[in-house]
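Here is the structure we will look at, set down as structure tokens.
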Amino acid sequence: MHDRSGAALDSRAQQDLALDPFRIAGEPYYRPVAHEVALFEAAHRSRMPVMLKGPTGCGKTRFVEHMAWKLGRPLITVSCHEDMTASDLVGRYLLDAVGTVWHDGPLTLAVRSGAICYLDEIVEARQDTTVVIHSLTDDRRILPLEKKNEVLKAHPDFHLVISYNPGYQSVLKDLKESTKQRFGAIAFSYPVAAIEAEIVAAEARVDRRTAATLVNIGARSRNLKGHGLEEGASTRMLINAGLLVGNGIALAEACDVALVLPITDDPDIRDALRAAIAACV
Amino acid sequence: MTGDETQDGDASVGVGTMRGRAPDAVLRAAFPGDAYAAWLKAYRRLAGAGYGGDVAEAYERQAPDVARLSSTDVAIDLAASVSNMAIRSGSRAASQLPAATVVAAKRLTASGALRRWLRLIEQVTLQAPESMVPILERTDYLLARLDLAGLESWLRIGVRTAVGDAARRLRFFTLEDPEAQRWLQRESGEVGFLDLEGRLKPFLSALWGISPPLREVPAGAPENARRRPGFDDGVVRMPASFPGFVAADSEKLYRAAVAHVGAHHRFTRKKFKLGGLRPAQVALVSLVEDARVDWLAMRELPGLARLYLPFHVAQANGPNTAPSLFARLSRALIDPAYEDDNGWIDKARKAFFADSDALSDQQLSRRIGDLLGNDLGQMRVQFDAKGYIVQPPYRDDNLGLWDFGDDDQQQAVEAEQIVESVRIRTEVGEGGEPQRDDADDLDEAAGRASLVEPEMDGMLAGRYPEYDYVTGRERREWTTVREYTPRRGSTEALLRLRDERADLVNRLSALIRSARVSRTERLRRQPEGEFLDLDACIDAAIARRIGEPPSPRVHGRYERRHRDLSVLLLLDTSQSTAEKVRGSGRSVLDIERQAATLLAHAMSELGDPFAIAAFCSDRREDVRYTRVKDFGLPADLTTYAHLAGLESAFSTRLGAAIRHAGASLARRLSYRRLLLVVTDGEPFDIDVEDRLYLVEDARNAVQGLNRMGIDTFCVGLDSTADSSLGRIFGRRNTLSINSVDRLVDLLPRLYLKITA
């Protein structure tokens, strides 16, 4: 929280009110794997835009939530998709009874009020959409709202974070070179077995042995990346399997539900996965 | 045959022809009452027919057994069957039929089954008279695996696949034809490697993170290699089937085998030196090593124990012979619950489990194996190295564990060659079919057509101008492009590549899938459509309030873009492509064809029409152009064989090749046409002195193509030619790769990118 005083108080208070839903109340569980917390804090201090790279379900989003909580900043998350336009990010004029009213988009809200703006899976958005962030991610730190004829100077606390999954689709969908070069990147991957087991045990509330077995299973499925699977089972999937186990489902069946069936439709791969799971138990 | 003999023994029976005949008492007992007379009549008719050999005797000898096992009626009717058989198939088959009937009677106990079998045999006699001897000889073998219906369909398949060719039928029914084995396996419900291949590969990858090519052991391999899995130099061999196991067990056995081989990959770090070890020691070191890797594997994957242990069935009370001792030792080293009071096994067990940390040391196997081998010698237990087969069946043949020194490396190479020759033979069967069609055509055209074939080589395909940059003019009809028929090479290496780079191929397929389902595009501000365009609506509403006429274009809709694209891949095969790429034993051309293989695979999945051609040049009169694959033909084994048949030779007259390729692309009616050139250097030919001349000509050729609306793109495999390739194709349309190896990976991706 910042000191506030005098006339600024009203508009400040209003902004804070708008941000309230975006504040993170309790500590989101996050188990640091390497130096990512320190790295993020350092980047945040200078408001350097950060790119989180890594496969799905390895904890990128959880990490941002954790950092937002730790730094005491509101977090505005936008899940990017193919049809997203620049006005979906920036905002647009809408009509009401008296005339047109400008509505800030999520990015503008974050810029105006000093939140962490997290653009999840940014490659999914079209390249011409993502260029709107360019002026925010260099030393200008401004957001031109052309329709409104306004140049918005970013709040000192505004921080932009994007996530990026450099998976197989990066050939067809990739960030522009000019976009990539504006970010510092922190690489994420599935944690080493011991830490991942700790995470699974904590999140799914299962005993360490079950968690270790689940992690072992996860490692087997990741061996199949590129050999029938596009991605191995994520930590998230392992936690889901653990949750089912915690609710009294047998391990093999839990893995079937949480892992084998969602991840592939190829009967041979399913069969191989099930056999590999049986070998782990 | 006299009817009044009642004594036992041969003495009273007529001599000579009656050798080995059944005593009359036996016959009377088997054919009680009236049946005896009926039998006698049948026998006499058979004996009187004069089929020669010992047809009648064989019948007489076996008839009582048939009567006992089945019924007197069947035994009596058998005489007619034997007679039929003698007429159709000869006396040898006929004299085998009675004994085969006894065997069948023991197997087919259901009522009427034996009769049905006899009828089936009679039918087959009509269709495959020459094969009856092998079929009857194998009665027990066949009926042990097949029920009557299975046997019937197997016999029919044999008759049908041979399409009237008696020699082929004989090969089938003597089981020399691997097809016969395969069908037998299928009819018997046995699960073979080919049924499971698709699941075993990902299983192996999942467990151990490796994906070596899995191959079926060729039918021509020696017996012990055929019965056990094996591995060597990155290739894993699996038996075609594990006979005698029911489907569910077979599957488990294959799984266990794959898991075990993977465990070797992980835990057997170095091959053992053969040194002066005796065969028994080699076998024992291997056995202990097998147990060691299985232990380490089970430590990591505890569920493997459930997979492995059921196959260890050796019992402690077996004889103290080498095969029994070895099987028990295998079990003792893996099954903690197993008890065996044999001192030798106990000693091995103690040494093996003395220190659980020592298990991770491969030398442990060597030490224990040596020790046990010496003891075995002192115990005077004979070890038959030739007949030794590793137990239990999921364990590998151990050849991959040993470094046999140079001599045996040679053997390994030879073994590989055997594998290859087998493959090639099958390929000719598959890919050769179009050729056979050609042959038919030749027959029809009678001789005249045969003249066309040699003419095809170096046939004039076109004359093209060349651009002289000094004068700024084209020299008309300056170069002559000749088309050469592609040679066929061995596709083994390329198919192996596809296996080895399976991850890449899979990734490509995934990419292709996402590219092929061309992305939908959202069209905004349309006069009609399936949704309202919010921004346009707001604009329209604002316009109305202001009092301006609003735009009616407030709708949006989704539309798919279509791919309509023809691609020609042009490969440089000049002499310089024969050079070896640094750090790998392969030449530039090798890598070109590998990249082309993967690209062909990718493009055929995409469904884009594409062609592959190769070029080199020997002066302007002979620019050599080879059509590896034409538009409209499928990318099949022929394509790969043609790619494999390319050879490096001569020079690089790029311009002429581009013009010729452009001419064939120009005939395509696609919306987009793309020429993709892969070259390892700048243009050059021995009749041109000026370095720039051919560069400028090629540039001119590319511009010509661009005018026709054909896009060009070049991948340069040599960084030194960078500038000239950039000059020819334009910098945006050139990509140079320093590490040629990357081409294999890059070309298909590049293709997707420029055509997306």
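Every chain in the structure tokens takes a letter, A first, then B, and so on in the order presented; its residues are numbered from 1, and the ligands are numbered from 1 following the presented order.
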Counting only C-alpha atoms, which residues of chain B come no farther than 9 Å from chain A, as a ChimeraX atom specification?
/B:196,198-211,255,298,300-307,502-508,510-511,514-515,521-522,535,538-539,541-542,545,749-750,752-753,756
Near range 107-118 of chain A, counting only C-alpha atoms, which residues have an atom at most 9 Å away, once you skip same-chain residues fewer than 6 positions from it, shown as a ChimeraX atom specification?
/A:12,15-16,18-19,22,61,64,68,73-79,88-91,133,136,141-143,145,152-163
DSSP on the backbone: which residues in range 97-220 of chain A end up as alpha helix (DSSP H)? Give the answer as a ChimeraX atom specification.
/A:106-113,127-130,177-180,193-204,208-220
Residue subset to file, keeping C-alpha atoms, as a PDB file, in the first residue's frame:
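File produced: again27.pdb:
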```pdb
ATOM      1  CA  PRO A 106      -7.626  -5.331 -18.556  1.00  0.00           C
ATOM      2  CA  LEU A 107      -4.268  -4.100 -19.780  1.00  0.00           C
ATOM      3  CA  THR A 108      -5.274  -0.461 -19.451  1.00  0.00           C
ATOM      4  CA  LEU A 109      -6.636  -1.083 -15.982  1.00  0.00           C
ATOM      5  CA  ALA A 110      -3.322  -2.567 -14.915  1.00  0.00           C
ATOM      6  CA  VAL A 111      -1.338   0.258 -16.542  1.00  0.00           C
ATOM      7  CA  ARG A 112      -3.491   2.924 -14.986  1.00  0.00           C
ATOM      8  CA  SER A 113      -3.598   1.529 -11.501  1.00  0.00           C
ATOM      9  CA  GLN A 127       0.903 -11.049 -33.699  1.00  0.00           C
ATOM     10  CA  ASP A 128      -0.740  -7.746 -34.579  1.00  0.00           C
ATOM     11  CA  THR A 129      -2.524  -7.821 -31.246  1.00  0.00           C
ATOM     12  CA  THR A 130       0.608  -8.314 -29.242  1.00  0.00           C
ATOM     13  CA  GLU A 177      11.390 -11.082 -32.856  1.00  0.00           C
ATOM     14  CA  SER A 178      10.694  -7.488 -31.851  1.00  0.00           C
ATOM     15  CA  THR A 179       8.348  -8.681 -29.129  1.00  0.00           C
ATOM     16  CA  LYS A 180      10.667 -11.352 -27.775  1.00  0.00           C
ATOM     17  CA  ALA A 193      11.784 -35.733  -8.800  1.00  0.00           C
ATOM     18  CA  ALA A 194      12.294 -34.989  -5.098  1.00  0.00           C
ATOM     19  CA  ILE A 195      10.882 -31.471  -5.305  1.00  0.00           C
ATOM     20  CA  GLU A 196       8.063 -32.511  -7.576  1.00  0.00           C
ATOM     21  CA  ALA A 197       7.125 -35.228  -5.106  1.00  0.00           C
ATOM     22  CA  GLU A 198       7.102 -32.628  -2.363  1.00  0.00           C
ATOM     23  CA  ILE A 199       4.797 -30.434  -4.442  1.00  0.00           C
ATOM     24  CA  VAL A 200       2.445 -33.298  -5.296  1.00  0.00           C
ATOM     25  CA  ALA A 201       2.352 -34.391  -1.670  1.00  0.00           C
ATOM     26  CA  ALA A 202       1.586 -30.871  -0.487  1.00  0.00           C
ATOM     27  CA  GLU A 203      -0.988 -29.998  -3.118  1.00  0.00           C
ATOM     28  CA  ALA A 204      -2.830 -33.303  -3.268  1.00  0.00           C
ATOM     29  CA  ARG A 208       5.277 -38.998   0.245  1.00  0.00           C
ATOM     30  CA  ARG A 209       5.424 -42.518  -1.115  1.00  0.00           C
ATOM     31  CA  THR A 210       2.331 -42.083  -3.237  1.00  0.00           C
ATOM     32  CA  ALA A 211       3.647 -38.736  -4.387  1.00  0.00           C
ATOM     33  CA  ALA A 212       6.990 -40.277  -5.326  1.00  0.00           C
ATOM     34  CA  THR A 213       5.246 -42.993  -7.294  1.00  0.00           C
ATOM     35  CA  LEU A 214       3.142 -40.414  -9.098  1.00  0.00           C
ATOM     36  CA  VAL A 215       6.244 -38.436  -9.964  1.00  0.00           C
ATOM     37  CA  ASN A 216       7.904 -41.586 -11.239  1.00  0.00           C
ATOM     38  CA  ILE A 217       4.851 -42.153 -13.425  1.00  0.00           C
ATOM     39  CA  GLY A 218       5.082 -38.582 -14.618  1.00  0.00           C
ATOM     40  CA  ALA A 219       8.691 -39.127 -15.653  1.00  0.00           C
ATOM     41  CA  ARG A 220       7.650 -42.173 -17.703  1.00  0.00           C
TER      42      ARG A 220
END
```
Hey, what does DSSP flag as strand (DSSP E) within range 22-139 of chain A? Can you give it to me as an MDAnalysis selection string?
chainID A and resid 50:53 75:79 91:95 100:104 116:120
Nearest to Pro191 in chain A by atom-to-atom distance, counting only C-alpha atoms, from A:Lys53, A:Pro28, A:Cys58, A:Ala86
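Ranking A:Lys53, A:Pro28, A:Cys58, A:Ala86 by distance to Pro191 in chain A, first place goes to A:Cys58.
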Counting only C-alpha atoms, the option among A:Gly184, A:Pro262, A:Gly59, A:Pro49 closest to Ala233 in chain A
A:Pro262
All residues 8 Å or closer to Ser91 in chain B, only C-alpha atoms, same chain fewer than 3 positions away omitted, as a PDB file with N, CA and C atoms, in the first residue's frame:
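The file below, out37.pdb, is the result:
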```
ATOM      1  N   TYR B  51      -1.624-100.394 -54.363  1.00  0.00           N
ATOM      2  CA  TYR B  51      -1.034 -99.058 -54.332  1.00  0.00           C
ATOM      3  C   TYR B  51       0.465 -99.111 -54.089  1.00  0.00           C
ATOM      4  N   GLY B  52       0.937-100.312 -53.760  1.00  0.00           N
ATOM      5  CA  GLY B  52       2.374-100.435 -53.531  1.00  0.00           C
ATOM      6  C   GLY B  52       2.758 -99.898 -52.174  1.00  0.00           C
ATOM      7  N   GLY B  53       4.043 -99.875 -51.932  1.00  0.00           N
ATOM      8  CA  GLY B  53       4.542 -99.416 -50.640  1.00  0.00           C
ATOM      9  C   GLY B  53       3.903-100.226 -49.529  1.00  0.00           C
ATOM     10  N   ASP B  54       3.720 -99.607 -48.408  1.00  0.00           N
ATOM     11  CA  ASP B  54       3.060-100.356 -47.342  1.00  0.00           C
ATOM     12  C   ASP B  54       1.758 -99.673 -46.946  1.00  0.00           C
ATOM     13  N   VAL B  55       1.018 -99.252 -47.984  1.00  0.00           N
ATOM     14  CA  VAL B  55      -0.233 -98.543 -47.735  1.00  0.00           C
ATOM     15  C   VAL B  55      -1.188 -99.400 -46.909  1.00  0.00           C
ATOM     16  N   MET B  85      -6.434 -91.067 -51.099  1.00  0.00           N
ATOM     17  CA  MET B  85      -5.158 -90.386 -50.933  1.00  0.00           C
ATOM     18  C   MET B  85      -4.102 -91.019 -51.830  1.00  0.00           C
ATOM     19  N   ALA B  86      -4.127 -92.353 -51.906  1.00  0.00           N
ATOM     20  CA  ALA B  86      -3.137 -93.054 -52.719  1.00  0.00           C
ATOM     21  C   ALA B  86      -3.294 -92.671 -54.186  1.00  0.00           C
ATOM     22  N   ILE B  87      -4.560 -92.521 -54.604  1.00  0.00           N
ATOM     23  CA  ILE B  87      -4.808 -92.184 -56.005  1.00  0.00           C
ATOM     24  C   ILE B  87      -4.347 -90.765 -56.307  1.00  0.00           C
ATOM     25  N   ALA B  94      -0.372 -91.762 -48.653  1.00  0.00           N
ATOM     26  CA  ALA B  94      -1.436 -92.676 -48.244  1.00  0.00           C
ATOM     27  C   ALA B  94      -0.990 -93.535 -47.073  1.00  0.00           C
ATOM     28  N   SER B  95       0.288 -93.943 -47.091  1.00  0.00           N
ATOM     29  CA  SER B  95       0.726 -94.801 -46.001  1.00  0.00           C
ATOM     30  C   SER B  95       0.942 -93.992 -44.723  1.00  0.00           C
TER      31      SER B  95
END
```
List as a PyMOL selection string the protein and nucleic acid residues near Gly230 in chain B, meaning an atom at most 9 Å away when only C-alpha atoms are counted, but skip any in the same chain fewer than 2 places from it.
chain B and resi 217+225+228+232+235-239+261+395-400
Would you kindly return, as JSON, numbers by chain, each protein, DNA or RNA residue with an atom no farther than 9 Å from any atom of range 67-81 of chain B, considering only C-alpha atoms and excluding same-chain residues fewer than 5 positions away?
{"B": [30, 31, 32, 35, 36, 38, 39, 40, 41, 42, 43, 45, 46, 56, 59, 62, 86, 94, 97, 98, 101, 102, 105, 106, 109, 111, 112, 114, 115, 118, 119, 121, 122]}
Could you list, as a list in words, every residue within 6 Å of range 240-256 of chain A, counting only C-alpha atoms and ignoring same-chain residues fewer than 4 positions away?
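Surrounding residues, per the criterion: Ala204, Val206, Val260 and Leu261 of chain A.
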Atom-to-atom span, CA of Pro527 in chain B and CA of His81 in chain A, Å
25.0 Å
For range 703-707 of chain B, please output as a PyMOL selection string all residues within 12 Å (counting only C-alpha atoms; exclusion window: fewer than 5 positions along the same chain).
chain B and resi 464-467+474+655-666+672-675+696-698+712-713+727-730+733
Save the residues we just selected, N, CA and C atoms, as a PDB file, in the first residue's frame?
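As a result, part-v4.pdb now contains:
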```pdb
ATOM      1  N   TYR B 464      17.427 -24.734 -72.974  1.00  0.00           N
ATOM      2  CA  TYR B 464      17.094 -23.500 -72.293  1.00  0.00           C
ATOM      3  C   TYR B 464      18.150 -22.449 -72.584  1.00  0.00           C
ATOM      4  N   PRO B 465      17.738 -21.194 -72.526  1.00  0.00           N
ATOM      5  CA  PRO B 465      18.705 -20.128 -72.758  1.00  0.00           C
ATOM      6  C   PRO B 465      19.605 -19.955 -71.539  1.00  0.00           C
ATOM      7  N   GLU B 466      20.664 -19.243 -71.709  1.00  0.00           N
ATOM      8  CA  GLU B 466      21.475 -18.890 -70.561  1.00  0.00           C
ATOM      9  C   GLU B 466      21.744 -17.390 -70.654  1.00  0.00           C
ATOM     10  N   TYR B 467      21.828 -16.773 -69.515  1.00  0.00           N
ATOM     11  CA  TYR B 467      21.933 -15.317 -69.485  1.00  0.00           C
ATOM     12  C   TYR B 467      23.388 -14.921 -69.309  1.00  0.00           C
ATOM     13  N   GLU B 474      20.483 -12.927 -73.381  1.00  0.00           N
ATOM     14  CA  GLU B 474      20.336 -14.367 -73.231  1.00  0.00           C
ATOM     15  C   GLU B 474      20.933 -15.073 -74.443  1.00  0.00           C
ATOM     16  N   GLY B 655      21.295 -22.627 -63.009  1.00  0.00           N
ATOM     17  CA  GLY B 655      20.293 -21.895 -63.787  1.00  0.00           C
ATOM     18  C   GLY B 655      19.467 -22.798 -64.676  1.00  0.00           C
ATOM     19  N   ALA B 656      20.146 -23.667 -65.390  1.00  0.00           N
ATOM     20  CA  ALA B 656      19.441 -24.543 -66.324  1.00  0.00           C
ATOM     21  C   ALA B 656      18.489 -25.459 -65.564  1.00  0.00           C
ATOM     22  N   ALA B 657      18.960 -25.972 -64.418  1.00  0.00           N
ATOM     23  CA  ALA B 657      18.115 -26.868 -63.634  1.00  0.00           C
ATOM     24  C   ALA B 657      16.886 -26.125 -63.125  1.00  0.00           C
ATOM     25  N   ILE B 658      17.090 -24.888 -62.702  1.00  0.00           N
ATOM     26  CA  ILE B 658      15.956 -24.104 -62.209  1.00  0.00           C
ATOM     27  C   ILE B 658      14.945 -23.872 -63.328  1.00  0.00           C
ATOM     28  N   ARG B 659      15.438 -23.560 -64.503  1.00  0.00           N
ATOM     29  CA  ARG B 659      14.506 -23.316 -65.612  1.00  0.00           C
ATOM     30  C   ARG B 659      13.701 -24.569 -65.933  1.00  0.00           C
ATOM     31  N   HIS B 660      14.393 -25.707 -65.909  1.00  0.00           N
ATOM     32  CA  HIS B 660      13.690 -26.941 -66.243  1.00  0.00           C
ATOM     33  C   HIS B 660      12.658 -27.285 -65.162  1.00  0.00           C
ATOM     34  N   ALA B 661      13.071 -27.132 -63.922  1.00  0.00           N
ATOM     35  CA  ALA B 661      12.142 -27.409 -62.830  1.00  0.00           C
ATOM     36  C   ALA B 661      10.965 -26.441 -62.910  1.00  0.00           C
ATOM     37  N   GLY B 662      11.274 -25.174 -63.242  1.00  0.00           N
ATOM     38  CA  GLY B 662      10.230 -24.170 -63.364  1.00  0.00           C
ATOM     39  C   GLY B 662       9.234 -24.546 -64.444  1.00  0.00           C
ATOM     40  N   ALA B 663       9.757 -25.104 -65.541  1.00  0.00           N
ATOM     41  CA  ALA B 663       8.866 -25.489 -66.635  1.00  0.00           C
ATOM     42  C   ALA B 663       7.873 -26.540 -66.161  1.00  0.00           C
ATOM     43  N   SER B 664       8.348 -27.464 -65.321  1.00  0.00           N
ATOM     44  CA  SER B 664       7.401 -28.494 -64.895  1.00  0.00           C
ATOM     45  C   SER B 664       6.462 -27.941 -63.823  1.00  0.00           C
ATOM     46  N   LEU B 665       6.922 -26.985 -63.040  1.00  0.00           N
ATOM     47  CA  LEU B 665       6.026 -26.353 -62.061  1.00  0.00           C
ATOM     48  C   LEU B 665       4.986 -25.481 -62.757  1.00  0.00           C
ATOM     49  N   ALA B 666       5.398 -24.868 -63.865  1.00  0.00           N
ATOM     50  CA  ALA B 666       4.489 -23.940 -64.553  1.00  0.00           C
ATOM     51  C   ALA B 666       3.245 -24.655 -65.049  1.00  0.00           C
ATOM     52  N   ARG B 672      -0.613 -21.493 -55.549  1.00  0.00           N
ATOM     53  CA  ARG B 672       0.767 -21.152 -55.231  1.00  0.00           C
ATOM     54  C   ARG B 672       1.688 -22.248 -55.712  1.00  0.00           C
ATOM     55  N   ARG B 673       2.815 -21.857 -56.276  1.00  0.00           N
ATOM     56  CA  ARG B 673       3.785 -22.849 -56.723  1.00  0.00           C
ATOM     57  C   ARG B 673       5.136 -22.475 -56.138  1.00  0.00           C
ATOM     58  N   LEU B 674       5.808 -23.463 -55.650  1.00  0.00           N
ATOM     59  CA  LEU B 674       7.034 -23.176 -54.921  1.00  0.00           C
ATOM     60  C   LEU B 674       8.158 -24.103 -55.383  1.00  0.00           C
ATOM     61  N   LEU B 675       9.290 -23.510 -55.695  1.00  0.00           N
ATOM     62  CA  LEU B 675      10.480 -24.302 -56.000  1.00  0.00           C
ATOM     63  C   LEU B 675      11.437 -24.182 -54.823  1.00  0.00           C
ATOM     64  N   GLU B 696      24.954 -15.126 -62.048  1.00  0.00           N
ATOM     65  CA  GLU B 696      24.030 -14.162 -62.650  1.00  0.00           C
ATOM     66  C   GLU B 696      22.987 -14.871 -63.495  1.00  0.00           C
ATOM     67  N   ASP B 697      23.411 -15.963 -64.154  1.00  0.00           N
ATOM     68  CA  ASP B 697      22.450 -16.722 -64.944  1.00  0.00           C
ATOM     69  C   ASP B 697      21.368 -17.318 -64.047  1.00  0.00           C
ATOM     70  N   ALA B 698      21.799 -17.869 -62.921  1.00  0.00           N
ATOM     71  CA  ALA B 698      20.825 -18.484 -62.016  1.00  0.00           C
ATOM     72  C   ALA B 698      19.875 -17.415 -61.477  1.00  0.00           C
ATOM     73  N   THR B 712      10.433 -19.042 -55.230  1.00  0.00           N
ATOM     74  CA  THR B 712      11.621 -19.874 -55.077  1.00  0.00           C
ATOM     75  C   THR B 712      12.187 -19.682 -53.679  1.00  0.00           C
ATOM     76  N   PHE B 713      12.788 -20.726 -53.193  1.00  0.00           N
ATOM     77  CA  PHE B 713      13.451 -20.633 -51.898  1.00  0.00           C
ATOM     78  C   PHE B 713      14.662 -21.549 -51.945  1.00  0.00           C
ATOM     79  N   ARG B 727      22.444 -13.565 -53.579  1.00  0.00           N
ATOM     80  CA  ARG B 727      22.360 -12.803 -54.833  1.00  0.00           C
ATOM     81  C   ARG B 727      21.361 -13.475 -55.788  1.00  0.00           C
ATOM     82  N   ILE B 728      21.414 -14.791 -55.825  1.00  0.00           N
ATOM     83  CA  ILE B 728      20.545 -15.501 -56.777  1.00  0.00           C
ATOM     84  C   ILE B 728      19.080 -15.462 -56.333  1.00  0.00           C
ATOM     85  N   PHE B 729      18.848 -15.849 -55.121  1.00  0.00           N
ATOM     86  CA  PHE B 729      17.462 -16.040 -54.689  1.00  0.00           C
ATOM     87  C   PHE B 729      16.902 -14.848 -53.919  1.00  0.00           C
ATOM     88  N   GLY B 730      17.769 -13.915 -53.591  1.00  0.00           N
ATOM     89  CA  GLY B 730      17.333 -12.832 -52.716  1.00  0.00           C
ATOM     90  C   GLY B 730      17.571 -13.256 -51.284  1.00  0.00           C
ATOM     91  N   ASN B 733      14.918 -15.046 -49.301  1.00  0.00           N
ATOM     92  CA  ASN B 733      14.527 -16.381 -49.727  1.00  0.00           C
ATOM     93  C   ASN B 733      15.686 -17.367 -49.673  1.00  0.00           C
TER      94      ASN B 733
END
```
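Across the model, the gap from CA of Tyr190 in chain A to CA of Ala258 in chain A is 17.4 Å.
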